[in-house]
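A.B. asks: The structure file work12.cif (mmCIF, C-alpha atoms) is provided below.
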```
data_model
#
loop_
_atom_site.label_atom_id
_atom_site.label_comp_id
_atom_site.auth_asym_id
_atom_site.auth_seq_id
_atom_site.Cartn_x
_atom_site.Cartn_y
_atom_site.Cartn_z
CA MET A 1 90.53 89.08 93.13
CA PHE A 2 94.04 87.78 93.29
CA PRO A 3 96.12 86.66 96.28
CA ILE A 4 97.64 89.62 98.06
CA GLU A 5 101.06 87.94 98.09
CA HIS A 6 101.37 88.24 94.32
CA PHE A 7 101.05 92.00 94.54
CA LEU A 8 103.63 92.07 97.32
CA TYR A 9 106.12 89.94 95.39
CA LEU A 10 105.90 92.28 92.43
CA GLY A 11 106.34 95.27 94.75
CA ALA A 12 109.47 93.67 96.23
CA ILE A 13 110.89 93.06 92.75
CA LEU A 14 110.22 96.65 91.67
CA PHE A 15 111.70 98.13 94.83
CA SER A 16 114.88 96.03 94.70
CA ALA A 17 115.35 96.76 91.00
CA GLY A 18 115.01 100.49 91.73
CA LEU A 19 117.57 100.21 94.52
CA VAL A 20 120.10 98.46 92.26
CA VAL A 21 119.51 101.03 89.50
CA ILE A 22 120.10 103.91 91.90
CA ILE A 23 123.34 102.43 93.21
CA THR A 24 124.93 101.17 90.01
CA LYS A 25 124.08 103.64 87.24
CA LYS A 26 126.53 106.41 86.50
CA ASN A 27 123.96 108.80 85.09
CA MET A 28 121.69 111.22 86.93
CA ILE A 29 118.66 110.54 84.73
CA MET A 30 118.92 106.80 85.35
CA VAL A 31 119.04 107.52 89.09
CA LEU A 32 115.80 109.49 88.74
CA LEU A 33 114.25 106.55 86.88
CA GLY A 34 115.22 104.29 89.78
CA VAL A 35 113.53 106.64 92.24
CA GLU A 36 110.35 106.54 90.15
CA LEU A 37 110.46 102.75 90.21
CA MET A 38 110.72 102.65 94.00
CA LEU A 39 107.83 105.12 94.42
CA ASN A 40 105.69 102.95 92.16
CA ALA A 41 106.51 99.85 94.19
CA SER A 42 105.09 101.58 97.27
CA ASN A 43 102.04 102.67 95.27
CA LEU A 44 101.38 99.08 94.25
CA ASN A 45 101.33 97.97 97.87
CA LEU A 46 98.99 100.80 98.87
CA VAL A 47 96.51 99.91 96.11
CA ALA A 48 96.80 96.18 96.82
CA PHE A 49 95.89 96.56 100.47
CA ASN A 50 93.20 99.14 99.78
CA GLN A 51 91.26 96.71 97.57
CA LEU A 52 90.52 94.58 100.61
CA TYR A 53 88.58 97.42 102.24
CA PRO A 54 86.29 98.80 99.54
CA GLU A 55 84.36 100.97 101.98
CA ASN A 56 87.23 103.39 102.51
CA ILE A 57 89.61 104.97 100.02
CA ASN A 58 92.58 105.93 102.17
CA GLY A 59 95.07 103.76 100.27
CA GLN A 60 94.04 105.04 96.86
CA MET A 61 94.22 108.63 98.11
CA PHE A 62 97.70 108.04 99.47
CA ALA A 63 98.71 106.53 96.12
CA LEU A 64 97.40 109.61 94.31
CA PHE A 65 99.39 111.94 96.54
CA VAL A 66 102.50 109.79 96.06
CA ILE A 67 102.03 110.22 92.29
CA ILE A 68 101.78 114.00 92.76
CA VAL A 69 104.99 114.09 94.77
CA ALA A 70 106.69 111.90 92.14
CA VAL A 71 105.74 114.40 89.45
CA CYS A 72 107.19 117.31 91.42
CA GLU A 73 110.36 115.34 92.11
CA ALA A 74 110.82 114.47 88.44
CA ALA A 75 110.29 118.03 87.24
CA VAL A 76 112.62 119.70 89.75
CA GLY A 77 115.16 116.88 89.54
CA LEU A 78 115.43 117.08 85.76
CA ALA A 79 115.72 120.87 85.92
CA ILE A 80 118.64 120.45 88.32
CA VAL A 81 120.21 117.79 86.04
CA ILE A 82 120.01 120.13 83.05
CA GLN A 83 121.52 122.99 85.02
CA VAL A 84 124.35 120.81 86.36
CA TYR A 85 125.02 119.63 82.81
CA SER A 86 125.29 123.17 81.53
CA LEU A 87 127.69 124.08 84.35
CA HIS A 88 129.88 120.97 84.53
CA HIS A 89 129.32 119.37 81.08
CA THR A 90 128.72 115.99 82.63
CA SER A 91 125.78 113.98 83.84
CA VAL A 92 127.76 111.54 85.96
CA PRO A 93 127.06 112.19 89.65
CA GLY A 94 130.61 111.30 90.74
CA GLU A 95 132.23 113.89 88.51
CA VAL A 96 130.52 116.85 90.16
CA ASP A 97 133.08 117.16 92.94
CA GLU A 98 133.77 120.86 93.43
CA LEU A 99 133.05 120.69 97.14
CA SER A 100 135.14 117.60 97.87
CA ASP A 101 138.76 117.56 98.85
CA MET B 1 92.53 80.01 84.53
CA ASN B 2 90.24 82.60 83.04
CA LEU B 3 90.98 85.67 80.98
CA THR B 4 91.31 87.98 83.98
CA SER B 5 94.02 85.83 85.54
CA ILE B 6 95.90 85.64 82.26
CA LEU B 7 95.78 89.43 81.95
CA PHE B 8 96.85 89.94 85.55
CA TYR B 9 99.84 87.63 85.38
CA SER B 10 100.93 88.96 81.98
CA PHE B 11 100.87 92.49 83.40
CA GLU B 12 102.85 91.32 86.42
CA ALA B 13 105.41 89.57 84.23
CA LEU B 14 105.70 92.64 81.99
CA ALA B 15 106.27 94.98 84.95
CA ALA B 16 108.79 92.65 86.59
CA LEU B 17 110.72 91.97 83.39
CA SER B 18 110.92 95.61 82.34
CA SER B 19 112.09 96.69 85.79
CA ILE B 20 114.75 93.97 85.86
CA ALA B 21 115.84 94.86 82.32
CA LEU B 22 116.26 98.45 83.51
CA ILE B 23 119.16 97.21 85.66
CA PHE B 24 121.09 95.91 82.65
CA VAL B 25 120.29 98.47 79.98
CA ARG B 26 123.07 100.90 79.07
CA ASN B 27 121.22 103.28 76.78
CA VAL B 28 119.39 105.97 78.76
CA PHE B 29 116.66 106.35 76.13
CA HIS B 30 115.95 102.61 76.19
CA GLY B 31 115.85 102.86 79.97
CA ALA B 32 113.16 105.54 79.81
CA LEU B 33 111.08 103.43 77.43
CA LEU B 34 111.46 100.37 79.66
CA LEU B 35 110.35 102.39 82.69
CA ILE B 36 107.24 103.60 80.88
CA THR B 37 106.42 100.04 79.80
CA GLY B 38 106.61 98.89 83.38
CA LEU B 39 104.50 101.77 84.66
CA LEU B 40 101.78 101.18 82.05
CA ALA B 41 101.71 97.50 83.04
CA LEU B 42 101.28 98.68 86.63
CA ALA B 43 98.29 100.74 85.49
CA GLY B 44 96.75 97.54 84.14
CA ILE B 45 97.34 95.86 87.49
CA TYR B 46 95.63 98.79 89.24
CA VAL B 47 92.53 98.29 87.08
CA LEU B 48 92.43 94.62 88.06
CA ALA B 49 92.92 95.65 91.71
CA PHE B 50 89.68 97.69 91.61
CA ALA B 51 91.40 101.09 91.57
CA GLU B 52 90.54 102.47 88.16
CA PHE B 53 90.98 106.14 89.07
CA VAL B 54 94.56 105.51 90.19
CA ALA B 55 95.13 103.58 86.96
CA VAL B 56 93.93 106.44 84.78
CA THR B 57 95.97 108.91 86.79
CA GLN B 58 99.01 106.67 86.37
CA ILE B 59 98.61 106.57 82.59
CA LEU B 60 97.95 110.32 82.29
CA VAL B 61 100.76 111.40 84.58
CA TYR B 62 103.50 108.98 83.58
CA ALA B 63 102.87 108.40 79.88
CA GLY B 64 101.74 111.98 79.32
CA GLY B 65 103.95 113.94 81.66
CA ILE B 66 106.99 112.23 83.07
CA LEU B 67 107.94 110.43 79.83
CA VAL B 68 108.01 113.74 77.95
CA VAL B 69 110.02 115.44 80.69
CA ILE B 70 112.53 112.58 80.90
CA ILE B 71 113.03 112.47 77.13
CA PHE B 72 113.54 116.24 77.09
CA GLY B 73 116.10 115.80 79.86
CA ILE B 74 117.91 113.09 77.88
CA MET B 75 117.96 115.23 74.75
CA LEU B 76 119.25 118.28 76.60
CA THR B 77 122.05 116.41 78.37
CA THR B 78 123.57 114.71 75.34
CA LYS B 79 125.94 116.33 72.96
CA LEU B 80 123.68 115.49 69.97
CA SER B 81 126.48 113.80 68.07
CA GLY B 82 124.22 111.15 66.58
CA LYS B 83 125.63 108.44 68.83
CA PRO B 84 123.38 106.91 71.49
CA LEU B 85 124.20 107.88 75.06
CA LEU B 86 125.82 104.86 76.68
CA ILE B 87 126.48 104.94 80.39
CA GLU B 88 128.84 103.08 82.65
CA HIS B 89 128.04 100.98 85.67
CA ALA B 90 129.74 101.58 88.99
CA TYR B 91 129.64 99.73 92.32
CA ARG B 92 128.43 96.59 90.56
CA PHE B 93 129.17 94.20 93.39
CA SER B 94 127.86 96.29 96.27
CA GLY B 95 124.79 97.35 94.31
CA THR B 96 123.88 93.79 93.44
CA LEU B 97 124.55 92.72 97.00
CA ALA B 98 122.32 95.47 98.41
CA GLY B 99 119.55 94.69 95.92
CA ILE B 100 119.59 90.95 96.50
CA GLY B 101 119.85 91.39 100.24
CA PHE B 102 116.91 93.77 100.39
CA PHE B 103 114.89 91.55 98.07
CA ALA B 104 115.58 88.52 100.26
CA LEU B 105 114.55 90.50 103.34
CA LEU B 106 111.27 91.55 101.73
CA ILE B 107 110.49 88.04 100.46
CA PHE B 108 111.31 86.60 103.88
CA SER B 109 108.89 89.04 105.54
CA ILE B 110 106.13 88.39 102.99
CA VAL B 111 106.44 84.62 103.23
CA ASN B 112 106.40 84.69 107.00
CA ALA B 113 103.51 87.14 107.28
CA SER B 114 100.07 85.71 107.85
CA PHE B 115 97.36 86.91 105.50
CA LYS B 116 94.71 84.55 106.81
CA ASN B 117 92.67 87.11 108.73
CA LEU B 118 92.07 89.43 105.81
CA PRO B 119 88.50 90.41 104.96
CA PRO B 120 86.68 88.62 102.12
CA PRO B 121 87.62 89.70 98.61
CA PRO B 122 85.75 92.62 97.04
CA THR B 123 83.88 92.28 93.79
CA ARG B 124 83.27 95.85 92.68
CA LEU B 125 85.24 98.87 91.60
CA THR B 126 85.60 101.92 93.80
CA GLU B 127 83.27 104.50 92.31
CA ILE B 128 84.92 107.64 91.02
CA ARG B 129 82.11 109.56 92.74
CA THR B 130 83.40 108.25 96.08
CA ILE B 131 86.89 109.52 95.30
CA GLY B 132 85.59 112.93 94.23
CA VAL B 133 83.49 113.34 97.36
CA GLY B 134 86.44 112.17 99.45
CA LEU B 135 88.76 114.72 97.85
CA MET B 136 86.35 117.52 98.70
CA THR B 137 85.54 116.42 102.26
CA ASP B 138 87.94 114.17 104.14
CA PHE B 139 91.00 114.96 102.02
CA ALA B 140 90.37 118.66 101.37
CA LEU B 141 93.50 119.83 103.21
CA PRO B 142 95.94 117.39 101.50
CA PHE B 143 94.29 118.26 98.19
CA GLU B 144 94.97 121.97 98.64
CA VAL B 145 98.50 121.34 99.91
CA ALA B 146 99.15 119.18 96.84
CA GLY B 147 97.98 122.02 94.64
CA ILE B 148 100.38 124.42 96.34
CA LEU B 149 103.18 121.85 96.04
CA LEU B 150 102.55 121.50 92.30
CA LEU B 151 102.59 125.27 91.88
CA VAL B 152 105.85 125.57 93.82
CA ALA B 153 107.45 122.74 91.82
CA LEU B 154 106.32 124.32 88.53
CA ILE B 155 107.76 127.74 89.37
CA GLY B 156 110.90 126.23 90.85
CA ALA B 157 111.58 123.97 87.88
CA ALA B 158 111.01 126.81 85.42
CA ILE B 159 113.36 129.15 87.30
CA ILE B 160 116.09 126.55 87.84
CA ALA B 161 116.06 125.38 84.25
CA SER B 162 115.83 128.83 82.66
CA SER B 163 118.85 130.49 84.26
CA THR B 164 121.42 130.01 81.54
CA LYS B 165 125.17 130.21 81.59
CA SER B 166 125.19 133.80 80.38
CA ASN B 167 124.15 135.30 83.70
CA LYS B 168 126.73 133.25 85.60
CA THR B 169 129.70 134.99 84.08
#
```
Starting from the file, give its structure as structure tokens.

C.D. replies:
Amino acid sequence: MFPIEHFLYLGAILFSAGLVVIITKKNMIMVLLGVELMLNASNLNLVAFNQLYPENINGQMFALFVIIVAVCEAAVGLAIVIQVYSLHHTSVPGEVDELSD
Amino acid sequence: MNLTSILFYSFEALAALSSIALIFVRNVFHGALLLITGLLALAGIYVLAFAEFVAVTQILVYAGGILVVIIFGIMLTTKLSGKPLLIEHAYRFSGTLAGIGFFALLIFSIVNASFKNLPPPPTRLTEIRTIGVGLMTDFALPFEVAGILLLVALIGAAIIASSTKSNKT
């Protein structure tokens, strides 16, 4: 059993790193990696608080469903990235600008 | 400092370092490998946090599923010229500012929060039997909805990725 703050510090680091990755990278796949990192930061907090209440499993269940949603997001997101690449021949989000002025 | 603490803090350091290195890396393939390293370290932390089923799910789903999908995505979006895919960084200043600001906000909240009234620490793992019974009783509806969501995502991803350029023209 470890202090709960240490889990929370790691979650904060993961979430902030994911945020920076999403903002700064000029590649759609790296943006998806940043989203995965942020989802896992939330999962870490759910598991960390669930361990204090061993008689119920709500936090672990929520973490499992977050993992399921992350899988769906990765699969559909990468399919869209591949399709955009075959249409526009780029994987930089800023260069797909057909609808802008 | 016993062996469990050493393991726990090494896993934490591994996860933190790989996620921070993901900010600076410029090769997408190296980024995918760094992400998987961090997520496997998180699985180790889950085991030490008495959630072994979530840990096994994490390893199976991320190392077995998402890594393969991401590497396929990287291979299909490069021109296969033999050169590694290097990417540019944009919005460096505002991104760093947003990240540091949000991190400071989170650390401020955690430091100021009081964790004194928490229950006593547990000493046993959650049994997998408990999770199985929970999935079939209390969480039956979310379980079924998750199954439908996975089916929809599977069909959707297959259809989106399979429509090639030939039927556009």

A.B. asks: Evaluating the PyMOL selection byres ((chain A) within 7 of (chain B)) on the displayed file yields which residues, as number ranges by chain?

C.D. replies: A: 1, 9-10, 12-14, 16-17, 19-21, 23-27, 30, 47-48, 51-52, 54, 60, 64, 71-72, 74-76, 78-80, 82-83, 85

A.B. asks: A:Val69, A:Leu8, A:Leu44, A:Met61: which is nearest Val133 (chain B), counting all atoms listed in the file?

C.D. replies: A:Met61

A.B. asks: Residues at most 9 Å from Leu46 (chain A), counting all atoms listed in the file, excluding those fewer than 5 positions away in the same chain, as a PyMOL selection string?

C.D. replies: chain A and resi 41+51+58-60+62-63

A.B. asks: Have a look at CA of Ile22 (chain A) and CA of Leu39 (chain A) and let me know their distance in Å, one decimal.

C.D. replies: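 We find that CA of Ile22 (chain A) and CA of Leu39 (chain A) lie 12.6 Å from each other.
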
A.B. asks: For region 72-91 of chain A, what centre and edge lengths in Å (one decimal) does the axis-aligned box get once 6 Å is added on each side of all its listed atoms, as lines of an AutoDock Vina configuration file?

C.D. replies:
```
center_x = 118.5
center_y = 119.0
center_z = 86.6
size_x = 34.7
size_y = 22.1
size_z = 23.0
```

A.B. asks: Pick out the closest residue to Asn45 (chain A) from this set: A:Glu5, A:Glu98, A:Gly11, A:Ile68. Count only C-alpha atoms.

C.D. replies: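 Under the stated criterion, the closest residue is A:Gly11.
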
A.B. asks: Pull out every residue that the PyMOL selection byres ((chain A and resi 94) around 10) matches in the shown coordinates and put them as a list in words.

C.D. replies: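 Going through the file, the PyMOL selection byres ((chain A and resi 94) around 10) ends up selecting Lys26, Asn27, Met28, Thr90, Ser91, Val92, Pro93, Glu95, Val96 and Asp97 of chain A; Ala90 of chain B.
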
A.B. asks: Could you write out the selected residues, including C-alpha atoms, as a PDB file, in the frame of the given file?

C.D. replies:
```pdb
ATOM      1  CA  LYS A  26     126.530 106.410  86.500  1.00  0.00           C
ATOM      2  CA  ASN A  27     123.960 108.800  85.090  1.00  0.00           C
ATOM      3  CA  MET A  28     121.690 111.220  86.930  1.00  0.00           C
ATOM      4  CA  THR A  90     128.720 115.990  82.630  1.00  0.00           C
ATOM      5  CA  SER A  91     125.780 113.980  83.840  1.00  0.00           C
ATOM      6  CA  VAL A  92     127.760 111.540  85.960  1.00  0.00           C
ATOM      7  CA  PRO A  93     127.060 112.190  89.650  1.00  0.00           C
ATOM      8  CA  GLU A  95     132.230 113.890  88.510  1.00  0.00           C
ATOM      9  CA  VAL A  96     130.520 116.850  90.160  1.00  0.00           C
ATOM     10  CA  ASP A  97     133.080 117.160  92.940  1.00  0.00           C
TER      11      ASP A  97
ATOM     12  CA  ALA B  90     129.740 101.580  88.990  1.00  0.00           C
TER      13      ALA B  90
END
```

A.B. asks: What's the separation between CA of Ile4 (chain A) and CA of Leu33 (chain B), in Å to one decimal place?

C.D. replies: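 According to the coordinates, CA of Ile4 (chain A) and CA of Leu33 (chain B) are separated by 28.2 Å.
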
A.B. asks: At what distance in Å, to one decimal, does CA of Gly18 (chain A) lie from CA of His89 (chain A)?

C.D. replies: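 Result for CA of His89 (chain A) versus CA of Gly18 (chain A): 26.0 Å, one decimal.
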
A.B. asks: Mind listing whatever residues come within 9 Å of the point (111.1, 108.8, 91.9)? Use all atoms listed in the file, file coordinates, and give them as an mmCIF file with C-alpha atoms, in the frame of the given file.

C.D. replies:
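So result.cif came out as:
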```cif
data_model
loop_
_atom_site.group_PDB
_atom_site.id
_atom_site.type_symbol
_atom_site.label_atom_id
_atom_site.label_comp_id
_atom_site.auth_asym_id
_atom_site.auth_seq_id
_atom_site.Cartn_x
_atom_site.Cartn_y
_atom_site.Cartn_z
ATOM 1 C CA VAL A 31 119.040 107.520 89.090
ATOM 2 C CA LEU A 32 115.800 109.490 88.740
ATOM 3 C CA LEU A 33 114.250 106.550 86.880
ATOM 4 C CA GLY A 34 115.220 104.290 89.780
ATOM 5 C CA VAL A 35 113.530 106.640 92.240
ATOM 6 C CA GLU A 36 110.350 106.540 90.150
ATOM 7 C CA LEU A 37 110.460 102.750 90.210
ATOM 8 C CA MET A 38 110.720 102.650 94.000
ATOM 9 C CA LEU A 39 107.830 105.120 94.420
ATOM 10 C CA ASN A 40 105.690 102.950 92.160
ATOM 11 C CA VAL A 69 104.990 114.090 94.770
ATOM 12 C CA ALA A 70 106.690 111.900 92.140
ATOM 13 C CA VAL A 71 105.740 114.400 89.450
ATOM 14 C CA GLU A 73 110.360 115.340 92.110
ATOM 15 C CA ALA A 74 110.820 114.470 88.440
#
```

A.B. asks: Select, from A:Ile67, A:Ser100, A:Val84, A:Asn50, the residue with the minimum atom-to-atom distance to Leu60 (chain B), counting all atoms listed in the file.

C.D. replies: A:Ile67
